[in-house]
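With mmCIF, C-alpha atoms inside, this is model-v9.cif:
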data_model
#
loop_
_atom_site.label_atom_id
_atom_site.label_comp_id
_atom_site.auth_asym_id
_atom_site.auth_seq_id
_atom_site.Cartn_x
_atom_site.Cartn_y
_atom_site.Cartn_z
CA MET O 13 0.00 0.00 0.00
CA ALA O 14 1.43 3.40 -0.88
CA TYR O 15 0.42 6.98 -1.30
CA ILE O 16 1.91 9.69 -3.46
CA ASP O 17 2.55 13.26 -2.34
CA ASP O 18 3.51 15.54 -5.22
CA GLU O 19 5.20 18.50 -3.48
CA GLU O 20 7.05 21.28 -5.29
CA GLU O 21 10.34 19.80 -4.15
CA GLY O 22 9.70 16.41 -5.72
CA LEU O 23 7.62 13.24 -5.68
CA PHE O 24 7.39 11.31 -2.42
CA VAL O 25 6.10 7.75 -2.14
CA LYS O 26 5.53 6.25 1.27
CA VAL O 27 5.48 2.46 1.16
CA GLU O 28 3.52 0.91 4.01
CA LYS O 29 3.34 -2.68 2.80
CA ILE O 30 4.99 -4.64 -0.01
CA LEU O 31 3.06 -7.51 -1.51
CA PRO O 32 5.27 -9.61 -3.83
CA LYS O 33 3.74 -10.50 -7.18
CA ASP O 34 4.68 -13.33 -9.55
CA SER O 35 7.75 -11.44 -10.73
CA GLN O 36 11.17 -12.23 -9.26
CA ASN O 37 11.89 -8.49 -9.28
CA ALA O 38 8.89 -7.62 -7.09
CA LEU O 39 10.99 -5.45 -4.80
CA GLU O 40 12.76 -3.61 -7.62
CA VAL O 41 13.09 0.15 -7.09
CA ILE O 42 11.18 2.22 -9.66
CA PRO O 43 12.52 5.72 -10.42
CA SER O 44 10.09 8.50 -9.44
CA SER O 45 10.15 9.80 -13.04
CA GLN O 46 8.34 6.60 -14.10
CA LEU O 47 5.66 7.15 -11.44
CA LEU O 48 4.59 10.66 -12.52
CA GLY O 49 1.18 10.80 -14.19
CA LYS O 50 0.35 7.15 -13.51
CA SER O 51 -2.63 5.83 -11.62
CA PHE O 52 -2.01 3.28 -8.87
CA GLU O 53 -4.51 1.03 -7.14
CA LEU O 54 -4.47 -0.53 -3.70
CA ASP O 55 -6.61 -3.14 -2.00
CA ARG O 56 -9.09 -1.66 0.43
CA LYS O 57 -11.74 -3.07 2.78
CA ILE O 58 -14.98 -1.35 3.63
CA THR O 59 -16.99 -2.48 6.63
CA GLY O 60 -20.62 -1.48 6.67
CA THR O 61 -24.25 -2.49 6.95
CA ILE O 62 -26.52 -3.63 4.13
CA THR O 63 -29.13 -0.89 3.90
CA GLU O 64 -31.00 -2.07 0.81
CA LYS O 65 -31.37 -5.34 -1.09
CA ARG O 66 -32.47 -5.44 -4.72
CA VAL O 67 -32.84 -8.32 -7.18
CA SER O 68 -29.27 -8.17 -8.49
CA SER O 69 -27.55 -5.62 -6.25
CA LEU O 70 -26.97 -4.53 -2.66
CA ILE O 71 -26.53 -1.12 -1.13
CA VAL O 72 -24.03 -0.85 1.75
CA ASP O 73 -24.26 2.19 4.07
CA PHE O 74 -26.54 3.96 1.54
CA ASN O 75 -23.64 4.79 -0.83
CA HIS O 76 -21.89 1.61 -2.06
CA CYS O 77 -23.86 -0.22 -4.77
CA LEU O 78 -22.65 -3.81 -5.30
CA ASN O 79 -23.64 -5.55 -8.52
CA LEU O 80 -24.05 -9.20 -7.48
CA SER O 81 -23.38 -10.48 -11.01
CA VAL O 82 -19.84 -9.05 -10.72
CA VAL O 83 -19.05 -9.08 -6.98
CA LYS O 84 -18.21 -12.51 -5.52
CA CYS O 85 -20.46 -13.53 -2.64
CA ASP O 86 -20.90 -16.99 -1.14
CA PHE O 87 -23.60 -16.46 1.49
CA ILE O 88 -27.18 -15.21 1.73
CA LEU O 89 -27.37 -11.50 2.54
CA GLU O 90 -30.14 -9.67 4.36
CA VAL O 91 -30.79 -6.00 5.13
CA GLY O 92 -29.09 -5.15 8.42
CA ASP O 93 -26.21 -7.64 8.00
CA LYS O 94 -22.76 -6.24 8.76
CA VAL O 95 -20.42 -6.98 5.85
CA CYS O 96 -16.82 -6.47 4.81
CA VAL O 97 -16.37 -5.51 1.14
CA GLU O 98 -12.99 -6.08 -0.49
CA CYS O 99 -12.31 -3.61 -3.30
CA SER O 100 -9.55 -1.82 -5.18
CA ALA O 101 -9.16 1.94 -4.94
CA ASP O 102 -7.11 4.64 -6.62
CA VAL O 103 -4.14 5.57 -4.42
CA ALA O 104 -4.27 9.29 -5.17
CA THR O 105 -8.02 9.90 -4.77
CA GLY O 106 -9.18 6.96 -2.65
CA GLN O 107 -11.99 6.46 -5.16
CA ILE O 108 -13.16 2.86 -5.44
CA LYS O 109 -12.42 1.37 -8.86
CA GLU O 110 -13.83 -2.15 -8.38
CA TYR O 111 -15.80 -4.08 -5.77
CA LYS O 112 -14.39 -7.63 -5.63
CA TYR O 113 -15.82 -9.68 -2.76
CA VAL O 114 -18.35 -9.33 0.03
CA LYS O 115 -18.33 -11.44 3.20
CA PRO O 116 -19.79 -11.25 6.71
CA ALA O 117 -17.98 -8.72 8.89
CA ASN O 118 -18.01 -11.08 11.84
CA ARG O 119 -18.49 -14.79 11.43
CA LYS O 120 -20.68 -16.57 13.97
CA PHE O 121 -20.11 -20.05 15.35
CA PHE O 122 -23.22 -22.03 16.27
CA THR O 123 -22.97 -25.27 18.24
CA HIS O 124 -25.70 -27.86 18.91
CA CYS O 125 -27.47 -27.28 15.60
CA VAL O 126 -29.79 -29.91 14.13
CA ILE O 127 -30.21 -30.78 10.46
CA THR O 128 -33.96 -30.39 9.87
CA HIS O 129 -34.11 -30.82 6.08
CA TYR O 130 -31.75 -32.44 3.60
CA ASN O 131 -32.15 -33.19 -0.12
CA GLU O 132 -29.67 -35.94 -0.96
CA GLU O 133 -30.01 -35.53 -4.74
CA MET O 134 -29.23 -31.80 -4.64
CA GLY O 135 -26.80 -32.02 -1.70
CA VAL O 136 -28.41 -29.11 0.18
CA GLY O 137 -30.22 -28.81 3.48
CA ILE O 138 -31.24 -26.65 6.43
CA VAL O 139 -29.74 -26.51 9.91
CA LEU O 140 -31.74 -25.17 12.88
CA PHE O 141 -30.08 -23.31 15.74
CA GLU O 142 -32.47 -22.82 18.67
CA THR O 143 -31.97 -19.72 20.77
CA LYS O 144 -33.43 -19.03 24.22
CA ASN O 145 -34.30 -15.34 23.98
CA GLU O 146 -34.33 -14.69 20.25
CA ARG O 147 -36.03 -16.28 17.29
CA ASN O 148 -34.67 -19.59 16.02
CA ILE O 149 -32.12 -19.35 13.23
CA GLU O 150 -32.29 -21.51 10.12
CA ILE O 151 -29.14 -21.76 8.02
CA ALA O 152 -29.03 -23.25 4.51
CA PHE O 153 -26.00 -25.40 3.73
CA SER O 154 -24.46 -27.42 0.91
CA LYS O 155 -22.84 -30.83 1.37
CA SER O 156 -19.69 -29.36 -0.20
CA VAL O 157 -19.02 -27.37 3.01
CA SER O 158 -19.07 -30.54 5.14
CA ARG O 159 -15.99 -32.48 6.18
CA PRO O 160 -14.89 -35.04 3.55
CA GLY O 161 -16.75 -38.32 4.09
CA PHE O 162 -19.59 -36.77 6.16
CA LEU O 163 -23.04 -37.81 4.93
CA PRO O 164 -25.65 -35.37 6.31
CA ALA O 165 -28.88 -36.85 7.66
CA ILE O 166 -31.97 -35.36 9.31
CA ASN O 167 -31.58 -34.97 13.12
CA ASP O 168 -27.76 -34.99 12.96
CA MET O 169 -26.25 -32.64 15.57
CA VAL O 170 -23.69 -30.32 13.92
CA SER O 171 -21.70 -27.11 14.53
CA VAL O 172 -21.90 -24.30 12.00
CA LYS O 173 -19.57 -21.41 11.18
CA HIS O 174 -21.74 -18.73 9.61
#
Show me this structure written as structure tokens.
Amino acid sequence: MAYIDDEEEGLFVKVEKILPKDSQNALEVIPSSQLLGKSFELDRKITGTITEKRVSSLIVDFNHCLNLSVVKCDFILEVGDKVCVECSADVATGQIKEYKYVKPANRKFFTHCVITHYNEEMGVGIVLFETKNERNIEIAFSKSVSRPGFLPAINDMVSVKH
């Protein structure tokens, strides 16, 4: 991650983190003359709350619109969920160039869950987590997230990372 400060005296680049790429010369010094006038991107994470859900997009904190046909997402999202959005941004302006991935901001771990439904042909089912003071939570799952060799069955007691 770096930022550029173009003062009258010269061009200053502050390097905060170096992430090696495929190249063997990843740490090669680049002369400042080659940096002038170029746009640089850095990886950035935005943490926020889903404020609106549409058919093919989500709105995070009322100002980040995520197109779900482009942004990778592997869980079911609801309004009010706290999420972390990975994106790339322009170093100079901080403007977001691309939203890449959205995931829960804080994963939950549920123990003593029971499989209530399971379709063996499709390899999908539903796990129920019973709470004392809140409403019960149903979580959809796919067999592919299970440990290798596990064959889900109704009434199996499982733990779930959500």
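Those residues returned by the PyMOL selection byres ((chain O and resi 144-159) around 10) for this file are Phe87, Ile88, Phe122, Cys125, Val126, Ile127, Thr128, His129, Tyr130, Asn131, Glu132, Met134, Gly135, Val136, Gly137, Ile138, Val139, Leu140, Phe141, Glu142, Thr143, Pro160, Gly161, Phe162, Leu163, Pro164, Val170, Val172 and His174 of chain O.
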Query raised in the report: Any idea what's packed within 10 Å of Gly106 (chain O), counting all atoms listed in the file, ignoring anything in its chain fewer than 2 positions away? Could you give it as a PyMOL selection string?
Result: chain O and resi 15+53-54+56+100-104+108-109
Report task. Report the distance between CA of Asp93 (chain O) and CA of Lys112 (chain O) in Å, rounded to one decimal place. Result -> 18.0 Å
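Between CA of Lys65 (chain O) and CA of Val91 (chain O) lies a distance of 6.3 Å.
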Query raised in the report: How would you write, as a PyMOL selection string, the residues chosen by the PyMOL selection byres ((chain O and resi 71) around 12) on this structure?
Result: chain O and resi 60-70+72-80+89-95+97+114
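We find CA of Val82 (chain O) and CA of Asn118 (chain O) to be spaced 22.7 Å apart.
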